[in-house]
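Asks: Input data-v4.txt, format and content: compact mmCIF, C-alpha atoms.
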```txt
# COMPACT_ATOMS: atom_id res chain seq x y z
CA MET T 1 0.00 0.00 0.00
CA ALA T 2 1.20 3.53 -0.79
CA ASP T 3 2.24 5.99 1.91
CA PRO T 4 -0.73 7.73 3.54
CA PRO T 5 -1.76 11.08 2.02
CA PRO T 6 -1.45 14.31 4.03
CA ASP T 7 -4.94 14.23 5.56
CA ALA T 8 -5.00 10.52 6.36
CA GLU T 9 -4.96 11.21 10.09
CA ALA T 10 -8.21 13.15 9.76
CA LEU T 11 -9.78 10.22 7.96
CA MET T 12 -8.70 7.81 10.68
CA LEU T 13 -10.26 10.06 13.31
CA ALA T 14 -13.66 11.71 13.25
CA GLY T 15 -13.09 14.90 11.29
CA ARG T 16 -14.24 17.47 8.80
CA LEU T 17 -12.27 18.15 5.66
CA THR T 18 -12.62 20.44 2.67
CA LEU T 19 -11.06 18.72 -0.34
CA THR T 20 -11.12 18.86 -4.09
CA PRO T 21 -12.78 15.80 -5.64
CA ILE T 22 -9.34 14.51 -6.68
CA ASP T 23 -7.95 14.84 -3.16
CA ALA T 24 -11.09 13.25 -1.69
CA LEU T 25 -10.61 10.30 -4.03
CA THR T 26 -6.96 9.97 -2.97
CA GLU T 27 -7.85 10.02 0.73
CA LEU T 28 -10.69 7.52 0.41
CA THR T 29 -8.67 5.18 -1.76
CA TRP T 30 -5.93 5.06 0.85
CA LYS T 31 -8.46 4.51 3.66
CA ALA T 32 -10.18 1.67 1.81
CA GLN T 33 -6.86 -0.03 1.11
CA GLU T 34 -5.83 0.33 4.75
CA LEU T 35 -9.07 -1.23 5.98
CA ALA T 36 -8.86 -4.10 3.50
CA GLU T 37 -5.25 -4.79 4.48
CA LYS T 38 -6.19 -4.99 8.16
CA ALA T 39 -9.33 -7.05 7.62
CA GLY T 40 -7.52 -10.37 7.40
CA GLY T 41 -9.57 -11.58 4.45
CA ARG T 42 -12.88 -10.27 5.79
CA ARG T 43 -14.88 -8.22 3.30
CA VAL T 44 -15.16 -4.53 4.25
CA ALA T 45 -17.73 -1.88 3.34
CA ILE T 46 -17.02 1.80 2.75
CA GLY T 47 -20.13 3.98 2.82
CA LEU T 48 -20.46 7.25 0.90
CA ALA T 49 -23.54 9.14 2.05
CA GLY T 50 -24.92 12.59 1.29
CA GLY T 51 -27.89 14.33 -0.21
CA PRO T 52 -29.06 14.03 -3.83
CA GLY T 53 -26.88 15.85 -6.32
CA THR T 54 -23.77 16.02 -4.14
CA GLY T 55 -21.57 13.95 -6.45
CA LYS T 56 -21.28 10.93 -4.19
CA SER T 57 -22.27 8.51 -6.98
CA THR T 58 -19.47 9.80 -9.19
CA LEU T 59 -16.98 9.70 -6.33
CA ALA T 60 -18.04 6.16 -5.41
CA ALA T 61 -17.58 4.93 -8.99
CA GLU T 62 -14.17 6.60 -9.16
CA LEU T 63 -13.18 5.01 -5.85
CA VAL T 64 -14.07 1.56 -7.16
CA ALA T 65 -12.07 2.22 -10.33
CA ALA T 66 -9.02 3.44 -8.37
CA LEU T 67 -9.06 0.41 -6.08
CA ASN T 68 -9.35 -1.92 -9.06
CA VAL T 69 -6.42 -0.25 -10.80
CA ALA T 70 -4.30 -0.96 -7.73
CA GLU T 71 -5.65 -4.50 -7.37
CA PRO T 72 -7.91 -5.74 -10.19
CA GLY T 73 -11.20 -7.20 -9.02
CA SER T 74 -10.79 -6.07 -5.44
CA ALA T 75 -13.67 -3.57 -5.25
CA ALA T 76 -17.28 -3.26 -6.37
CA LEU T 77 -20.01 -0.63 -6.24
CA VAL T 78 -23.19 -1.22 -4.23
CA PRO T 79 -25.79 1.48 -5.07
CA MET T 80 -28.69 2.07 -2.70
CA ASP T 81 -30.82 3.41 -5.58
CA GLY T 82 -31.66 -0.11 -6.75
CA PHE T 83 -33.89 -0.36 -3.70
CA HIS T 84 -36.33 2.33 -4.81
CA MET T 85 -39.83 0.93 -4.60
CA LYS T 86 -41.10 -0.13 -8.01
CA HIS T 87 -42.83 2.74 -9.78
CA ALA T 88 -46.04 0.73 -10.05
CA LYS T 89 -46.03 0.26 -6.27
CA LEU T 90 -45.56 3.99 -5.71
CA GLU T 91 -48.45 4.70 -8.08
CA ALA T 92 -50.66 2.31 -6.12
CA MET T 93 -49.62 4.06 -2.90
CA GLY T 94 -50.20 7.52 -4.35
CA GLN T 95 -46.59 8.45 -3.61
CA THR T 96 -45.05 9.15 -7.01
CA ASP T 97 -44.72 12.86 -6.16
CA PHE T 98 -42.41 11.87 -3.32
CA LYS T 99 -40.31 9.34 -5.19
CA GLY T 100 -36.80 9.38 -3.74
CA ALA T 101 -37.86 10.18 -0.17
CA PRO T 102 -36.79 7.67 2.50
CA HIS T 103 -40.23 6.08 2.77
CA THR T 104 -40.26 5.31 -0.97
CA PHE T 105 -37.36 2.85 -0.65
CA GLU T 106 -37.34 -0.78 0.39
CA GLY T 107 -34.99 0.13 3.23
CA ALA T 108 -35.34 -3.11 5.17
CA GLU T 109 -34.55 -5.13 2.04
CA PHE T 110 -31.45 -3.01 1.48
CA VAL T 111 -30.22 -3.76 5.02
CA VAL T 112 -30.70 -7.48 4.48
CA PHE T 113 -28.94 -7.33 1.10
CA LEU T 114 -25.94 -5.45 2.49
CA GLY T 115 -25.61 -7.91 5.36
CA ARG T 116 -25.70 -10.77 2.87
CA LEU T 117 -23.02 -9.13 0.73
CA LYS T 118 -20.68 -8.68 3.66
CA ALA T 119 -20.86 -12.37 4.53
CA ALA T 120 -21.07 -13.84 1.02
CA THR T 121 -18.45 -16.19 -0.34
CA GLU T 122 -20.26 -16.60 -3.65
CA ALA T 123 -21.23 -14.16 -6.42
CA VAL T 124 -24.32 -12.10 -5.58
CA SER T 125 -26.42 -10.00 -7.97
CA GLY T 126 -28.34 -6.89 -6.99
CA PRO T 127 -30.80 -4.35 -8.40
CA GLY T 128 -30.00 -0.99 -9.98
CA TYR T 129 -31.94 2.10 -11.00
CA SER T 130 -32.31 3.34 -14.57
CA ARG T 131 -32.99 7.03 -15.19
CA LYS T 132 -33.93 6.13 -18.76
CA ILE T 133 -37.11 4.48 -17.47
CA GLU T 134 -37.19 5.98 -13.95
CA ASP T 135 -37.54 2.54 -12.39
CA THR T 136 -35.51 -0.23 -10.84
CA VAL T 137 -33.82 -2.98 -12.85
CA ASP T 138 -33.30 -6.45 -11.41
CA ASP T 139 -29.85 -8.07 -11.51
CA ALA T 140 -28.21 -4.85 -12.66
CA PHE T 141 -24.82 -5.74 -11.17
CA THR T 142 -22.99 -8.71 -9.71
CA ILE T 143 -20.52 -8.72 -6.83
CA ALA T 144 -17.90 -11.37 -7.54
CA SER T 145 -16.77 -13.68 -4.76
CA ALA T 146 -13.21 -12.26 -4.83
CA VAL T 147 -14.29 -8.67 -4.02
CA LYS T 148 -12.66 -7.35 -0.85
CA VAL T 149 -14.13 -3.84 -0.67
CA LEU T 150 -17.77 -2.90 -1.10
CA VAL T 151 -18.22 0.78 -1.91
CA VAL T 152 -21.77 1.46 -0.75
CA GLU T 153 -23.39 4.67 -2.00
CA GLY T 154 -26.68 6.31 -1.14
CA ASN T 155 -28.55 9.22 0.39
CA TYR T 156 -29.84 7.49 3.47
CA LEU T 157 -26.99 5.30 4.69
CA LEU T 158 -26.59 7.30 7.89
CA LEU T 159 -30.16 8.15 8.83
CA GLY T 160 -30.84 7.40 12.47
CA ASP T 161 -34.41 6.13 12.14
CA ALA T 162 -35.55 2.60 11.30
CA PRO T 163 -34.82 0.72 9.14
CA TRP T 164 -31.94 2.92 7.97
CA ASP T 165 -30.27 2.90 11.38
CA GLU T 166 -29.27 -0.70 10.70
CA VAL T 167 -27.01 0.31 7.80
CA LYS T 168 -24.26 2.09 9.73
CA PRO T 169 -23.30 -0.98 11.83
CA LEU T 170 -22.61 -2.80 8.55
CA LEU T 171 -20.19 -0.11 7.36
CA ASP T 172 -16.53 -0.33 8.33
CA PHE T 173 -16.05 3.34 7.46
CA SER T 174 -18.40 6.08 6.35
CA ALA T 175 -17.86 9.43 4.66
CA PHE T 176 -20.53 12.10 4.28
CA ILE T 177 -20.22 14.22 1.13
CA VAL T 178 -21.32 17.87 1.14
CA VAL T 179 -21.76 20.47 -1.61
CA PRO T 180 -23.78 23.71 -1.31
CA ARG T 181 -27.57 23.54 -1.54
CA GLU T 182 -27.80 25.94 -4.49
CA MET T 183 -25.33 23.84 -6.45
CA VAL T 184 -27.46 20.79 -5.69
CA ARG T 185 -30.54 22.56 -7.08
CA ALA T 186 -28.77 23.33 -10.37
CA ARG T 187 -27.36 19.82 -10.69
CA LEU T 188 -30.76 18.24 -10.06
CA MET T 189 -32.41 20.38 -12.72
CA LYS T 190 -29.83 19.12 -15.19
CA ARG T 191 -30.19 15.50 -14.04
CA HIS T 192 -33.99 15.41 -14.22
CA GLY T 193 -33.92 16.93 -17.71
CA GLU T 194 -31.30 14.66 -19.26
CA GLU T 195 -33.63 11.94 -20.53
CA GLY T 196 -36.38 14.32 -21.64
CA LEU T 197 -39.06 12.39 -19.76
CA PHE T 198 -40.53 15.39 -17.94
CA THR T 199 -41.18 19.09 -18.46
CA GLU T 200 -38.93 21.72 -16.92
CA GLU T 201 -41.87 22.91 -14.81
CA ARG T 202 -42.43 19.41 -13.44
CA ASN T 203 -38.73 18.99 -12.66
CA ARG T 204 -38.53 22.31 -10.84
CA ALA T 205 -41.62 21.52 -8.78
CA HIS T 206 -40.32 18.05 -7.90
CA ILE T 207 -36.97 19.42 -6.77
CA GLU T 208 -38.56 22.05 -4.51
CA ARG T 209 -41.21 19.70 -3.13
CA ASN T 210 -39.12 16.58 -2.71
CA ASP T 211 -35.42 16.62 -3.57
CA LEU T 212 -34.33 19.66 -1.58
CA PRO T 213 -36.29 18.63 1.55
CA ASN T 214 -34.57 15.23 1.22
CA TYR T 215 -31.21 17.03 1.00
CA ASP T 216 -32.05 18.98 4.16
CA ARG T 217 -33.07 15.82 5.99
CA VAL T 218 -29.94 13.96 4.96
CA MET T 219 -27.73 16.84 6.09
CA LEU T 220 -28.97 16.24 9.64
CA SER T 221 -27.34 12.78 9.58
CA GLN T 222 -23.81 13.97 8.79
CA ASP T 223 -22.59 13.77 12.39
CA ARG T 224 -23.04 9.98 12.25
CA ALA T 225 -20.25 9.73 9.63
CA ASP T 226 -16.64 8.93 10.42
CA VAL T 227 -15.60 11.91 8.32
CA VAL T 228 -17.48 14.77 6.64
CA ILE T 229 -15.94 15.88 3.34
CA THR T 230 -17.02 19.18 1.81
CA LEU T 231 -16.13 19.05 -1.85
CA ASP T 232 -14.36 22.13 -3.19
CA VAL T 233 -15.97 22.23 -6.62
CA ALA T 234 -16.52 24.97 -9.15
CA GLN T 235 -19.88 23.72 -10.41
```
Show how you would write the structure in this file as structure tokens.
Replies:
Amino acid sequence: MADPPPDAEALMLAGRLTLTPIDALTELTWKAQELAEKAGGRRVAIGLAGGPGTGKSTLAAELVAALNVAEPGSAALVPMDGFHMKHAKLEAMGQTDFKGAPHTFEGAEFVVFLGRLKAATEAVSGPGYSRKIEDTVDDAFTIASAVKVLVVEGNYLLLGDAPWDEVKPLLDFSAFIVVPREMVRARLMKRHGEEGLFTEERNRAHIERNDLPNYDRVMLSQDRADVVITLDVAQ
């Protein structure tokens, strides 16, 4: 393993850091490698939490890629978004306007799945979420038996209420990712418009009614993280 980066001590202790995305990736890569090295063959899970639009999905994918460059096949991404309730279920519940809120996920199923992944010695497949159809997709990814590091990514990994409170004990290390609220609003407008499924008016209303309140709620869980990383980004 490479020498620890300059802020490694802050990652080993509870701390708050302001880092560029590149530096955040360097720090988290080192931390994941350190945990895997000390695990004695036990599979470890690194959690990246934060509100919608904070860039945690991108950072998580880059972390998996960096770990696999150093040791091919050693890391895999575990997205929480695959545990959205099916759109048809939300329609039946009358909750499509609140899609993405904590109660519109199969949170208990996600906890069970993550526990299974940590203990698995065989390949395990899991669900993903497609923005092209705005719905979940079964068997969207497979975690190979040789994977040592699970990079778990999602908004609600650190919420303190049930069933989400059962996620944190399954994480060997957790980082909470922060970017400013106004930047999140702009990013979400772009994200919701990419596939052309909805009008700009609908997207704006959904963000104000649902996404930004979810961001505010998630921000309250940041103190449960091992480290809070504010990303120094230009846009």
Asks: Using all atoms listed in the file, can you tell me which of T:Asp211, T:Pro72, T:Pro180, T:Asp138 comes closest to T:Lys99?
Replies: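 Of all the options, T:Asp211 lies closest to T:Lys99.
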Asks: Out of T:Leu157, T:Val233, T:Ala88, T:Leu77, which residue has the shortest atom-to-atom distance to T:Asp135 when counting all atoms listed in the file?
Replies: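 Answer, going by the shortest atom-to-atom distance: T:Ala88.
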Asks: Using all atoms listed in the file, which residue out of T:Gln33, T:Asn210, T:Thr104, T:Ser125 lies closest to T:Ala144?
Replies: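 Looking at the shortest contact to T:Ala144, the residue is T:Ser125.
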Asks: Taking only C-alpha atoms into account, name the residue in T:Lys118, T:Arg202, T:Arg191, T:Lys132 that is nearest to T:Pro169.
Replies: T:Lys118
Asks: Which residues, written as a list of chain:residue names, have at least one atom at most 10 Å from T:Ala120, with all atoms listed in the file counted and residues fewer than 3 positions away on the same chain left out?
Replies: T:Arg43, T:Leu114, T:Gly115, T:Arg116, T:Leu117, T:Ala123, T:Val124, T:Ile143, T:Ala144, T:Ser145, T:Ala146, T:Val147
Asks: In Å, rounded to a single decimal, give me how far atom CA of T:Lys190 is from atom CA of T:Val227.
Replies: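 So the answer is 28.4 Å.
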Asks: By how many Å are atom CA of T:Phe113 and atom CA of T:Asp172 apart?
Replies: 16.0 Å
